[in-house]
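Undergrad: Mind having a look at this structure? Questions to follow.
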Amino acid sequence: MTLWVGVLLASALVYSWKLLGHLIPERFVRNPSIRSLAALLTVAMLAGLVGIQTFVSAEGITLDARAAALGVAAVLFFLRVPFIFVVIAAAAVASLLRMWL
Amino acid sequence: MPSEAQSVKAISFGVGFATGLYGISFGALSVAAGLDFWQTMVLSLLMFSGGSQFAFVGVIATGAGVVPAVLSAWLLGVRNGFYAIRLAPVMSLSGILKPLGAQLTIDESNAVSLSQEPDLAKQRQGFWLTGIAVFIFWNLLTAAGALLGSAIGNPADWGLDAAAGAAFLGLIWPRLKESKLLVLAVVSAFTATLLSSFVPAGIPVLLTAGVAVIFWIIELLGKSK
(Lines give C-alpha, C1' and ligand atoms only; values in the text may rest on other atoms or scores of the structure.)
Protein backbone atom coordinates (compact mmCIF):
# COMPACT_ATOMS: atom_id res chain seq x y z
CA MET A 1 0.00 0.00 0.00
CA THR A 2 1.47 3.37 -0.95
CA LEU A 3 1.56 6.16 1.62
CA TRP A 4 -1.01 8.20 -0.30
CA VAL A 5 -3.49 5.29 -0.39
CA GLY A 6 -2.91 4.77 3.32
CA VAL A 7 -3.52 8.46 4.11
CA LEU A 8 -6.80 8.50 2.17
CA LEU A 9 -8.02 5.09 3.36
CA ALA A 10 -7.28 5.85 7.03
CA SER A 11 -9.03 9.23 6.72
CA ALA A 12 -12.12 7.56 5.24
CA LEU A 13 -12.13 4.89 7.96
CA VAL A 14 -11.86 7.45 10.77
CA TYR A 15 -14.65 9.49 9.17
CA SER A 16 -16.84 6.38 8.91
CA TRP A 17 -16.95 6.10 12.74
CA LYS A 18 -18.03 9.73 13.04
CA LEU A 19 -20.73 9.36 10.40
CA LEU A 20 -21.95 5.99 11.70
CA GLY A 21 -22.87 7.47 15.09
CA HIS A 22 -24.90 10.19 13.38
CA LEU A 23 -26.69 7.70 11.09
CA ILE A 24 -27.99 5.41 13.81
CA PRO A 25 -31.83 5.71 13.77
CA GLU A 26 -33.28 8.43 16.03
CA ARG A 27 -35.54 6.11 17.98
CA PHE A 28 -32.51 4.05 19.00
CA VAL A 29 -30.38 6.98 20.20
CA ARG A 30 -33.38 8.59 21.92
CA ASN A 31 -33.81 5.50 24.08
CA PRO A 32 -33.11 6.76 27.66
CA SER A 33 -30.74 3.94 28.57
CA ILE A 34 -28.73 4.41 25.35
CA ARG A 35 -28.58 8.18 26.09
CA SER A 36 -27.35 7.35 29.54
CA LEU A 37 -24.64 5.02 28.17
CA ALA A 38 -23.49 7.67 25.65
CA ALA A 39 -23.17 10.23 28.47
CA LEU A 40 -21.25 7.77 30.67
CA LEU A 41 -18.91 6.89 27.76
CA THR A 42 -18.21 10.57 27.10
CA VAL A 43 -17.34 11.35 30.73
CA ALA A 44 -15.24 8.16 31.07
CA MET A 45 -13.19 8.77 27.91
CA LEU A 46 -12.62 12.48 28.59
CA ALA A 47 -11.56 11.67 32.18
CA GLY A 48 -9.27 8.96 30.76
CA LEU A 49 -7.73 11.60 28.49
CA VAL A 50 -7.15 13.90 31.48
CA GLY A 51 -5.34 11.04 33.25
CA ILE A 52 -3.16 10.23 30.23
CA GLN A 53 -2.38 13.87 29.45
CA THR A 54 -1.43 14.58 33.06
CA PHE A 55 0.36 11.49 34.35
CA VAL A 56 1.79 9.67 31.32
CA SER A 57 4.94 10.56 29.40
CA ALA A 58 7.21 8.71 27.00
CA GLU A 59 9.03 7.30 30.06
CA GLY A 60 5.83 5.89 31.57
CA ILE A 61 3.71 7.06 34.51
CA THR A 62 5.25 10.27 35.87
CA LEU A 63 4.41 12.94 38.40
CA ASP A 64 5.65 16.24 36.97
CA ALA A 65 4.69 19.87 36.37
CA ARG A 66 1.50 18.77 34.62
CA ALA A 67 0.11 17.24 37.84
CA ALA A 68 0.73 20.53 39.71
CA ALA A 69 -0.96 22.42 36.87
CA LEU A 70 -4.01 20.12 36.99
CA GLY A 71 -4.24 20.59 40.77
CA VAL A 72 -4.19 24.38 40.35
CA ALA A 73 -6.82 24.08 37.61
CA ALA A 74 -9.11 21.99 39.84
CA VAL A 75 -8.91 24.60 42.62
CA LEU A 76 -9.63 27.44 40.17
CA PHE A 77 -12.59 25.60 38.62
CA PHE A 78 -13.89 25.01 42.15
CA LEU A 79 -13.60 28.78 42.78
CA ARG A 80 -15.60 29.38 39.58
CA VAL A 81 -12.80 31.18 37.79
CA PRO A 82 -13.68 31.51 34.07
CA PHE A 83 -12.61 28.62 31.87
CA ILE A 84 -10.10 30.43 29.66
CA PHE A 85 -8.23 31.95 32.64
CA VAL A 86 -7.96 28.53 34.26
CA VAL A 87 -6.48 27.01 31.10
CA ILE A 88 -3.96 29.87 30.80
CA ALA A 89 -3.08 29.54 34.50
CA ALA A 90 -2.50 25.78 34.10
CA ALA A 91 -0.16 26.37 31.16
CA ALA A 92 1.68 29.11 33.07
CA VAL A 93 2.14 26.90 36.17
CA ALA A 94 3.58 24.04 34.10
CA SER A 95 5.78 26.34 32.05
CA LEU A 96 7.20 28.18 35.11
CA LEU A 97 7.78 24.98 37.10
CA ARG A 98 9.77 23.54 34.18
CA MET A 99 11.84 26.70 33.99
CA TRP A 100 12.70 26.62 37.70
CA LEU A 101 13.12 22.88 38.31
CA MET B 1 -16.56 25.60 36.11
CA PRO B 2 -17.93 27.00 32.85
CA SER B 3 -20.81 28.79 34.58
CA GLU B 4 -23.88 29.99 32.74
CA ALA B 5 -22.42 33.49 32.71
CA GLN B 6 -19.44 32.45 30.61
CA SER B 7 -20.11 32.77 26.95
CA VAL B 8 -20.03 29.67 24.81
CA LYS B 9 -18.11 31.74 22.25
CA ALA B 10 -15.25 32.44 24.66
CA ILE B 11 -14.97 28.79 25.70
CA SER B 12 -15.11 27.57 22.09
CA PHE B 13 -12.46 30.03 20.94
CA GLY B 14 -10.18 29.19 23.87
CA VAL B 15 -10.49 25.44 23.32
CA GLY B 16 -10.05 25.83 19.56
CA PHE B 17 -6.93 27.93 19.89
CA ALA B 18 -5.29 25.80 22.60
CA THR B 19 -5.99 22.57 20.70
CA GLY B 20 -4.92 24.13 17.43
CA LEU B 21 -1.46 24.89 18.82
CA TYR B 22 -0.88 21.14 18.90
CA GLY B 23 -1.23 21.20 15.15
CA ILE B 24 2.33 22.61 15.11
CA SER B 25 3.65 19.45 16.77
CA PHE B 26 1.61 17.29 14.46
CA GLY B 27 2.80 19.06 11.32
CA ALA B 28 6.44 18.89 12.41
CA LEU B 29 6.22 15.22 13.49
CA SER B 30 4.44 14.19 10.32
CA VAL B 31 7.06 15.69 8.01
CA ALA B 32 9.83 14.20 10.19
CA ALA B 33 8.11 10.78 9.86
CA GLY B 34 8.44 10.98 6.08
CA LEU B 35 5.05 12.27 4.93
CA ASP B 36 5.13 15.20 2.52
CA PHE B 37 3.38 18.55 3.08
CA TRP B 38 0.16 17.59 1.28
CA GLN B 39 -0.13 14.16 2.89
CA THR B 40 0.20 15.92 6.25
CA MET B 41 -2.47 18.45 5.30
CA VAL B 42 -4.86 15.77 4.02
CA LEU B 43 -4.64 14.05 7.40
CA SER B 44 -5.53 17.28 9.25
CA LEU B 45 -8.28 18.24 6.80
CA LEU B 46 -9.90 14.85 6.17
CA MET B 47 -8.97 12.61 9.10
CA PHE B 48 -9.25 15.54 11.55
CA SER B 49 -8.88 13.57 14.76
CA GLY B 50 -5.71 14.30 16.73
CA GLY B 51 -5.32 10.89 18.37
CA SER B 52 -5.68 9.00 15.08
CA GLN B 53 -3.37 11.41 13.25
CA PHE B 54 -0.56 11.18 15.82
CA ALA B 55 -0.94 7.39 15.79
CA PHE B 56 -0.76 7.24 11.99
CA VAL B 57 2.45 9.25 11.66
CA GLY B 58 3.87 7.62 14.79
CA VAL B 59 3.56 4.15 13.25
CA ILE B 60 4.97 5.37 9.92
CA ALA B 61 7.94 6.88 11.82
CA THR B 62 8.75 3.50 13.39
CA GLY B 63 8.99 1.98 9.90
CA ALA B 64 6.25 -0.60 10.64
CA GLY B 65 4.56 0.20 7.34
CA VAL B 66 1.37 1.70 5.99
CA VAL B 67 -1.11 -1.08 6.89
CA PRO B 68 -0.44 -0.99 10.66
CA ALA B 69 -0.62 2.83 10.49
CA VAL B 70 -4.08 2.66 8.85
CA LEU B 71 -5.30 0.11 11.41
CA SER B 72 -4.10 2.15 14.42
CA ALA B 73 -5.73 5.33 13.14
CA TRP B 74 -8.97 3.46 12.46
CA LEU B 75 -9.08 1.81 15.89
CA LEU B 76 -8.41 5.09 17.69
CA GLY B 77 -11.24 6.77 15.79
CA VAL B 78 -13.88 4.63 17.54
CA ARG B 79 -14.48 7.09 20.33
CA ASN B 80 -15.71 9.71 17.89
CA GLY B 81 -18.47 7.23 17.03
CA PHE B 82 -19.54 7.12 20.68
CA TYR B 83 -19.50 10.92 20.78
CA ALA B 84 -21.68 10.99 17.67
CA ILE B 85 -24.25 8.77 19.40
CA ARG B 86 -24.42 11.32 22.24
CA LEU B 87 -24.53 14.26 19.83
CA ALA B 88 -27.03 12.95 17.25
CA PRO B 89 -30.23 13.62 19.26
CA VAL B 90 -28.80 16.90 20.61
CA MET B 91 -27.89 18.24 17.18
CA SER B 92 -30.75 16.73 15.09
CA LEU B 93 -28.68 17.32 11.94
CA SER B 94 -30.25 16.87 8.53
CA GLY B 95 -29.23 17.27 4.89
CA ILE B 96 -25.70 18.51 4.23
CA LEU B 97 -25.25 19.44 7.91
CA LYS B 98 -25.13 15.76 8.87
CA PRO B 99 -21.91 14.86 6.97
CA LEU B 100 -20.38 18.24 7.92
CA GLY B 101 -21.30 17.85 11.58
CA ALA B 102 -19.93 14.29 11.51
CA GLN B 103 -16.52 15.58 10.42
CA LEU B 104 -16.47 18.02 13.37
CA THR B 105 -17.39 15.26 15.88
CA ILE B 106 -14.23 15.15 18.04
CA ASP B 107 -13.25 15.22 21.73
CA GLU B 108 -13.36 19.00 22.02
CA SER B 109 -16.64 19.76 20.25
CA ASN B 110 -18.46 17.01 22.15
CA ALA B 111 -16.93 18.11 25.46
CA VAL B 112 -17.92 21.77 25.07
CA SER B 113 -21.42 20.69 24.06
CA LEU B 114 -21.62 18.39 27.10
CA SER B 115 -20.51 21.24 29.39
CA GLN B 116 -23.57 23.26 28.29
CA GLU B 117 -26.15 20.64 29.32
CA PRO B 118 -29.09 20.85 29.69
CA ASP B 119 -29.48 24.01 27.51
CA LEU B 120 -30.11 22.61 24.01
CA ALA B 121 -29.36 25.83 22.08
CA LYS B 122 -26.05 26.32 23.90
CA GLN B 123 -25.09 22.66 23.45
CA ARG B 124 -25.58 23.09 19.70
CA GLN B 125 -23.75 26.42 19.61
CA GLY B 126 -20.85 24.94 21.62
CA PHE B 127 -20.55 22.00 19.21
CA TRP B 128 -20.45 24.12 16.04
CA LEU B 129 -18.27 26.95 17.34
CA THR B 130 -15.74 24.61 18.92
CA GLY B 131 -15.69 22.23 15.96
CA ILE B 132 -15.11 25.09 13.50
CA ALA B 133 -12.54 26.86 15.73
CA VAL B 134 -10.53 23.67 16.21
CA PHE B 135 -10.75 22.87 12.49
CA ILE B 136 -9.41 26.28 11.45
CA PHE B 137 -6.61 26.53 14.04
CA TRP B 138 -5.65 22.87 13.72
CA ASN B 139 -5.22 23.08 9.95
CA LEU B 140 -3.46 26.47 9.87
CA LEU B 141 -0.99 25.38 12.53
CA THR B 142 -0.48 21.93 10.96
CA ALA B 143 0.63 23.80 7.84
CA ALA B 144 2.92 26.02 9.93
CA GLY B 145 4.42 22.97 11.68
CA ALA B 146 4.91 21.09 8.42
CA LEU B 147 6.63 24.05 6.74
CA LEU B 148 8.78 25.20 9.63
CA GLY B 149 9.46 21.82 11.23
CA SER B 150 10.86 21.79 14.74
CA ALA B 151 12.19 25.37 14.43
CA ILE B 152 9.03 26.61 16.19
CA GLY B 153 9.86 24.87 19.42
CA ASN B 154 8.16 22.38 21.68
CA PRO B 155 4.56 23.14 22.84
CA ALA B 156 5.48 21.62 26.22
CA ASP B 157 7.85 24.56 26.87
CA TRP B 158 4.76 26.76 26.93
CA GLY B 159 2.90 24.39 29.23
CA LEU B 160 0.45 23.50 26.48
CA ASP B 161 0.45 19.82 27.42
CA ALA B 162 -0.80 20.79 30.87
CA ALA B 163 -3.35 23.17 29.34
CA ALA B 164 -4.92 20.26 27.44
CA GLY B 165 -5.53 18.26 30.62
CA ALA B 166 -6.90 21.33 32.42
CA ALA B 167 -9.23 22.13 29.52
CA PHE B 168 -10.76 18.64 29.46
CA LEU B 169 -11.12 18.72 33.24
CA GLY B 170 -12.98 22.03 32.95
CA LEU B 171 -15.29 20.65 30.31
CA ILE B 172 -16.40 17.66 32.37
CA TRP B 173 -16.38 19.69 35.62
CA PRO B 174 -20.10 20.62 35.58
CA ARG B 175 -20.98 16.91 35.35
CA LEU B 176 -18.84 15.98 38.34
CA LYS B 177 -21.37 17.48 40.76
CA GLU B 178 -23.24 14.22 40.21
CA SER B 179 -21.46 11.83 42.57
CA LYS B 180 -21.86 8.81 40.28
CA LEU B 181 -20.15 10.67 37.43
CA LEU B 182 -17.41 11.92 39.75
CA VAL B 183 -16.62 8.33 40.77
CA LEU B 184 -16.75 7.24 37.11
CA ALA B 185 -14.34 10.04 36.12
CA VAL B 186 -11.83 9.22 38.87
CA VAL B 187 -11.94 5.47 38.15
CA SER B 188 -11.58 6.11 34.39
CA ALA B 189 -8.61 8.47 34.84
CA PHE B 190 -6.85 5.91 37.07
CA THR B 191 -7.66 3.02 34.73
CA ALA B 192 -6.35 4.82 31.65
CA THR B 193 -3.20 5.98 33.46
CA LEU B 194 -2.38 2.51 34.82
CA LEU B 195 -3.13 0.72 31.54
CA SER B 196 -0.75 3.07 29.71
CA SER B 197 2.15 0.95 30.97
CA PHE B 198 0.77 -2.20 29.34
CA VAL B 199 -0.93 -1.30 26.06
CA PRO B 200 0.04 0.96 23.13
CA ALA B 201 -0.74 4.69 23.20
CA GLY B 202 -4.37 5.53 22.49
CA ILE B 203 -5.78 2.18 23.62
CA PRO B 204 -6.09 3.03 27.36
CA VAL B 205 -8.65 5.76 26.65
CA LEU B 206 -10.69 3.32 24.55
CA LEU B 207 -10.62 0.80 27.39
CA THR B 208 -12.27 3.31 29.74
CA ALA B 209 -15.38 2.55 27.65
CA GLY B 210 -15.39 -0.73 29.59
CA VAL B 211 -15.55 1.20 32.87
CA ALA B 212 -18.49 3.22 31.52
CA VAL B 213 -20.30 0.02 30.48
CA ILE B 214 -19.84 -1.45 33.98
CA PHE B 215 -21.35 1.72 35.52
CA TRP B 216 -24.17 1.53 32.98
CA ILE B 217 -25.00 -2.09 33.84
CA ILE B 218 -25.01 -1.22 37.57
CA GLU B 219 -27.39 1.66 36.77
CA LEU B 220 -29.69 -0.62 34.72
CA LEU B 221 -29.74 -3.27 37.45
CA GLY B 222 -30.54 -0.59 40.04
CA LYS B 223 -33.51 0.59 37.96
CA SER B 224 -34.94 -2.86 37.28
CA LYS B 225 -35.29 -3.62 41.01
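Scheme for the C-alpha coordinates: letters A, B, ... for chains in order shown; per-chain residue numbers from 1; ligand numbers from 1 in order shown.
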Within 9 Å of region 14-18 of chain B, counting only C-alpha atoms, which residues qualify if same-chain residues fewer than 4 places away don't, as a list in words?
TA: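 So the residues in contact are Phe83, Ile84 and Val87 of chain A; Lys9, Ala10, Tyr22, Glu108, Ser109, Val112, Leu129, Thr130, Gly131, Ile132, Ala133, Val134, Phe135, Ile136, Phe137, Trp138, Leu160, Ala163, Ala164 and Ala167 of chain B.
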Undergrad: May I have the residues within 10 Å of Ala89 (chain A) as a list in words, using only C-alpha atoms and disregarding those fewer than 3 positions away in the same chain?
TA: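 Near neighbours after the sequence-gap exclusion: Ala69, Leu70, Val72, Ala73, Leu76, Phe83, Ile84, Phe85, Val86, Ala92, Val93, Ala94 and Ser95 of chain A; Gly159, Ala162, Ala163 and Ala166 of chain B.
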Undergrad: How would the residues just picked look written out with N, CA and C atoms as an mmCIF file, in the first residue's frame?
TA:
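Wrote result_22.cif, looks like this:
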data_model
loop_
_atom_site.group_PDB
_atom_site.id
_atom_site.type_symbol
_atom_site.label_atom_id
_atom_site.label_comp_id
_atom_site.auth_asym_id
_atom_site.auth_seq_id
_atom_site.Cartn_x
_atom_site.Cartn_y
_atom_site.Cartn_z
ATOM 1 N N ALA A 69 -0.088 21.541 37.665
ATOM 2 C CA ALA A 69 -0.958 22.419 36.873
ATOM 3 C C ALA A 69 -2.411 21.955 36.948
ATOM 4 N N LEU A 70 -2.631 20.639 36.922
ATOM 5 C CA LEU A 70 -4.007 20.116 36.991
ATOM 6 C C LEU A 70 -4.610 20.408 38.364
ATOM 7 N N VAL A 72 -3.850 22.947 40.341
ATOM 8 C CA VAL A 72 -4.189 24.379 40.349
ATOM 9 C C VAL A 72 -5.489 24.600 39.573
ATOM 10 N N ALA A 73 -5.616 23.934 38.426
ATOM 11 C CA ALA A 73 -6.820 24.082 37.605
ATOM 12 C C ALA A 73 -8.062 23.632 38.370
ATOM 13 N N LEU A 76 -9.057 26.261 40.844
ATOM 14 C CA LEU A 76 -9.631 27.441 40.172
ATOM 15 C C LEU A 76 -11.031 27.158 39.631
ATOM 16 N N PHE A 83 -13.308 29.713 32.557
ATOM 17 C CA PHE A 83 -12.606 28.622 31.872
ATOM 18 C C PHE A 83 -11.273 29.034 31.241
ATOM 19 N N ILE A 84 -11.297 30.081 30.419
ATOM 20 C CA ILE A 84 -10.100 30.428 29.655
ATOM 21 C C ILE A 84 -8.953 30.849 30.569
ATOM 22 N N PHE A 85 -9.278 31.538 31.702
ATOM 23 C CA PHE A 85 -8.227 31.947 32.638
ATOM 24 C C PHE A 85 -7.619 30.730 33.335
ATOM 25 N N VAL A 86 -8.463 29.737 33.602
ATOM 26 C CA VAL A 86 -7.956 28.533 34.264
ATOM 27 C C VAL A 86 -6.978 27.808 33.331
ATOM 28 N N ALA A 92 0.658 28.283 32.445
ATOM 29 C CA ALA A 92 1.685 29.109 33.075
ATOM 30 C C ALA A 92 2.370 28.357 34.221
ATOM 31 N N VAL A 93 1.570 27.658 35.042
ATOM 32 C CA VAL A 93 2.139 26.902 36.167
ATOM 33 C C VAL A 93 3.120 25.851 35.643
ATOM 34 N N ALA A 94 2.708 25.095 34.635
ATOM 35 C CA ALA A 94 3.578 24.038 34.101
ATOM 36 C C ALA A 94 4.834 24.637 33.485
ATOM 37 N N SER A 95 4.653 25.720 32.736
ATOM 38 C CA SER A 95 5.783 26.341 32.053
ATOM 39 C C SER A 95 6.801 26.906 33.059
ATOM 40 N N GLY B 159 3.880 24.982 28.320
ATOM 41 C CA GLY B 159 2.902 24.385 29.227
ATOM 42 C C GLY B 159 1.626 23.939 28.543
ATOM 43 N N ALA B 162 -0.016 20.685 29.641
ATOM 44 C CA ALA B 162 -0.801 20.792 30.871
ATOM 45 C C ALA B 162 -2.128 21.498 30.602
ATOM 46 N N ALA B 163 -2.119 22.447 29.672
ATOM 47 C CA ALA B 163 -3.349 23.173 29.344
ATOM 48 C C ALA B 163 -4.398 22.217 28.792
ATOM 49 N N ALA B 166 -6.058 20.397 31.670
ATOM 50 C CA ALA B 166 -6.901 21.328 32.422
ATOM 51 C C ALA B 166 -8.182 21.642 31.646
#
Undergrad: Taking only C-alpha atoms into account and nothing else, which residues of chain B lie no more than 6 Å away from chain A? Please answer as a ChimeraX atom specification.
TA: /B:1-2,14,46-47,66,70,74,77-78,80-81,84-86,88,102,157-160,162-163,165-167,185,188-189,192-193,205,208-209,212,216
Undergrad: Quick one: everything within 9 Å of region 23-28 of chain B, counting only C-alpha atoms, minus sequence neighbours fewer than 5 positions away in the same chain. Send it as an MDAnalysis selection string.
TA: chainID B and resid 33 37 40:41 44 50 53:54 57 137:155
Undergrad: Could those selected residues go to a file with N, CA and C atoms, as a PDB file, in the first residue's frame?
TA:
ATOM      1  N   ALA B  33       8.378  12.218  10.024  1.00  0.00           N
ATOM      2  CA  ALA B  33       8.113  10.784   9.862  1.00  0.00           C
ATOM      3  C   ALA B  33       8.219  10.350   8.401  1.00  0.00           C
ATOM      4  N   PHE B  37       4.252  17.468   2.591  1.00  0.00           N
ATOM      5  CA  PHE B  37       3.383  18.548   3.079  1.00  0.00           C
ATOM      6  C   PHE B  37       1.908  18.239   2.837  1.00  0.00           C
ATOM      7  N   THR B  40       0.417  15.413   4.891  1.00  0.00           N
ATOM      8  CA  THR B  40       0.200  15.924   6.251  1.00  0.00           C
ATOM      9  C   THR B  40      -1.086  16.743   6.313  1.00  0.00           C
ATOM     10  N   MET B  41      -1.277  17.609   5.318  1.00  0.00           N
ATOM     11  CA  MET B  41      -2.475  18.451   5.302  1.00  0.00           C
ATOM     12  C   MET B  41      -3.749  17.635   5.092  1.00  0.00           C
ATOM     13  N   SER B  44      -4.871  16.295   8.371  1.00  0.00           N
ATOM     14  CA  SER B  44      -5.531  17.280   9.247  1.00  0.00           C
ATOM     15  C   SER B  44      -6.890  17.711   8.713  1.00  0.00           C
ATOM     16  N   GLY B  50      -7.101  14.242  16.250  1.00  0.00           N
ATOM     17  CA  GLY B  50      -5.713  14.298  16.728  1.00  0.00           C
ATOM     18  C   GLY B  50      -5.119  12.946  17.091  1.00  0.00           C
ATOM     19  N   GLN B  53      -4.433  10.841  14.084  1.00  0.00           N
ATOM     20  CA  GLN B  53      -3.368  11.412  13.247  1.00  0.00           C
ATOM     21  C   GLN B  53      -1.982  11.168  13.849  1.00  0.00           C
ATOM     22  N   PHE B  54      -1.851  11.421  15.160  1.00  0.00           N
ATOM     23  CA  PHE B  54      -0.561  11.184  15.817  1.00  0.00           C
ATOM     24  C   PHE B  54      -0.194   9.701  15.728  1.00  0.00           C
ATOM     25  N   VAL B  57       1.073   8.849  11.976  1.00  0.00           N
ATOM     26  CA  VAL B  57       2.452   9.246  11.656  1.00  0.00           C
ATOM     27  C   VAL B  57       3.450   8.587  12.603  1.00  0.00           C
ATOM     28  N   PHE B 137      -7.925  26.413  13.391  1.00  0.00           N
ATOM     29  CA  PHE B 137      -6.611  26.531  14.037  1.00  0.00           C
ATOM     30  C   PHE B 137      -5.753  25.284  13.794  1.00  0.00           C
ATOM     31  N   TRP B 138      -6.381  24.123  13.879  1.00  0.00           N
ATOM     32  CA  TRP B 138      -5.648  22.866  13.717  1.00  0.00           C
ATOM     33  C   TRP B 138      -5.000  22.795  12.332  1.00  0.00           C
ATOM     34  N   ASN B 139      -5.754  23.179  11.306  1.00  0.00           N
ATOM     35  CA  ASN B 139      -5.224  23.078   9.946  1.00  0.00           C
ATOM     36  C   ASN B 139      -4.187  24.161   9.646  1.00  0.00           C
ATOM     37  N   LEU B 140      -4.445  25.392  10.101  1.00  0.00           N
ATOM     38  CA  LEU B 140      -3.461  26.469   9.873  1.00  0.00           C
ATOM     39  C   LEU B 140      -2.140  26.133  10.549  1.00  0.00           C
ATOM     40  N   LEU B 141      -2.228  25.625  11.784  1.00  0.00           N
ATOM     41  CA  LEU B 141      -0.994  25.381  12.526  1.00  0.00           C
ATOM     42  C   LEU B 141      -0.330  24.075  12.115  1.00  0.00           C
ATOM     43  N   THR B 142      -1.105  23.126  11.562  1.00  0.00           N
ATOM     44  CA  THR B 142      -0.483  21.935  10.964  1.00  0.00           C
ATOM     45  C   THR B 142       0.405  22.382   9.806  1.00  0.00           C
ATOM     46  N   ALA B 143      -0.141  23.295   8.985  1.00  0.00           N
ATOM     47  CA  ALA B 143       0.627  23.802   7.841  1.00  0.00           C
ATOM     48  C   ALA B 143       1.897  24.500   8.328  1.00  0.00           C
ATOM     49  N   ALA B 144       1.747  25.326   9.384  1.00  0.00           N
ATOM     50  CA  ALA B 144       2.923  26.023   9.931  1.00  0.00           C
ATOM     51  C   ALA B 144       3.961  25.015  10.420  1.00  0.00           C
ATOM     52  N   GLY B 145       3.499  23.990  11.151  1.00  0.00           N
ATOM     53  CA  GLY B 145       4.425  22.974  11.683  1.00  0.00           C
ATOM     54  C   GLY B 145       5.116  22.205  10.577  1.00  0.00           C
ATOM     55  N   ALA B 146       4.344  21.868   9.516  1.00  0.00           N
ATOM     56  CA  ALA B 146       4.913  21.087   8.419  1.00  0.00           C
ATOM     57  C   ALA B 146       5.948  21.900   7.640  1.00  0.00           C
ATOM     58  N   LEU B 147       5.705  23.203   7.510  1.00  0.00           N
ATOM     59  CA  LEU B 147       6.633  24.048   6.743  1.00  0.00           C
ATOM     60  C   LEU B 147       7.875  24.410   7.549  1.00  0.00           C
ATOM     61  N   LEU B 148       7.661  24.695   8.830  1.00  0.00           N
ATOM     62  CA  LEU B 148       8.779  25.200   9.633  1.00  0.00           C
ATOM     63  C   LEU B 148       9.482  24.106  10.427  1.00  0.00           C
ATOM     64  N   GLY B 149       8.844  22.917  10.507  1.00  0.00           N
ATOM     65  CA  GLY B 149       9.464  21.823  11.231  1.00  0.00           C
ATOM     66  C   GLY B 149       9.636  22.150  12.698  1.00  0.00           C
ATOM     67  N   SER B 150      10.695  21.651  13.293  1.00  0.00           N
ATOM     68  CA  SER B 150      10.855  21.794  14.742  1.00  0.00           C
ATOM     69  C   SER B 150      11.431  23.154  15.132  1.00  0.00           C
ATOM     70  N   ALA B 151      11.625  24.042  14.138  1.00  0.00           N
ATOM     71  CA  ALA B 151      12.189  25.365  14.435  1.00  0.00           C
ATOM     72  C   ALA B 151      11.295  26.169  15.373  1.00  0.00           C
ATOM     73  N   ILE B 152       9.981  25.838  15.388  1.00  0.00           N
ATOM     74  CA  ILE B 152       9.033  26.613  16.187  1.00  0.00           C
ATOM     75  C   ILE B 152       9.184  26.342  17.683  1.00  0.00           C
ATOM     76  N   GLY B 153       9.711  25.183  18.008  1.00  0.00           N
ATOM     77  CA  GLY B 153       9.858  24.865  19.424  1.00  0.00           C
ATOM     78  C   GLY B 153       8.834  23.852  19.878  1.00  0.00           C
ATOM     79  N   ASN B 154       8.983  23.440  21.123  1.00  0.00           N
ATOM     80  CA  ASN B 154       8.158  22.383  21.676  1.00  0.00           C
ATOM     81  C   ASN B 154       6.977  22.980  22.446  1.00  0.00           C
ATOM     82  N   PRO B 155       5.717  22.593  22.113  1.00  0.00           N
ATOM     83  CA  PRO B 155       4.565  23.138  22.835  1.00  0.00           C
ATOM     84  C   PRO B 155       4.649  22.921  24.348  1.00  0.00           C
TER      85      PRO B 155
END
Undergrad: Pick out the closest residue to Ile106 (chain B) from this set: B:Ser49, B:Phe82, B:Lys122, B:Gly58. Count only C-alpha atoms.
TA: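 Of all the options, B:Ser49 lies closest to Ile106 (chain B).
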Undergrad: Give the helix (DSSP H, G or I) residues of region 26-100 of chain A, as assigned by DSSP on the backbone, as a PyMOL selection string.
TA: chain A and resi 26-29+32-55+65-78+83-100
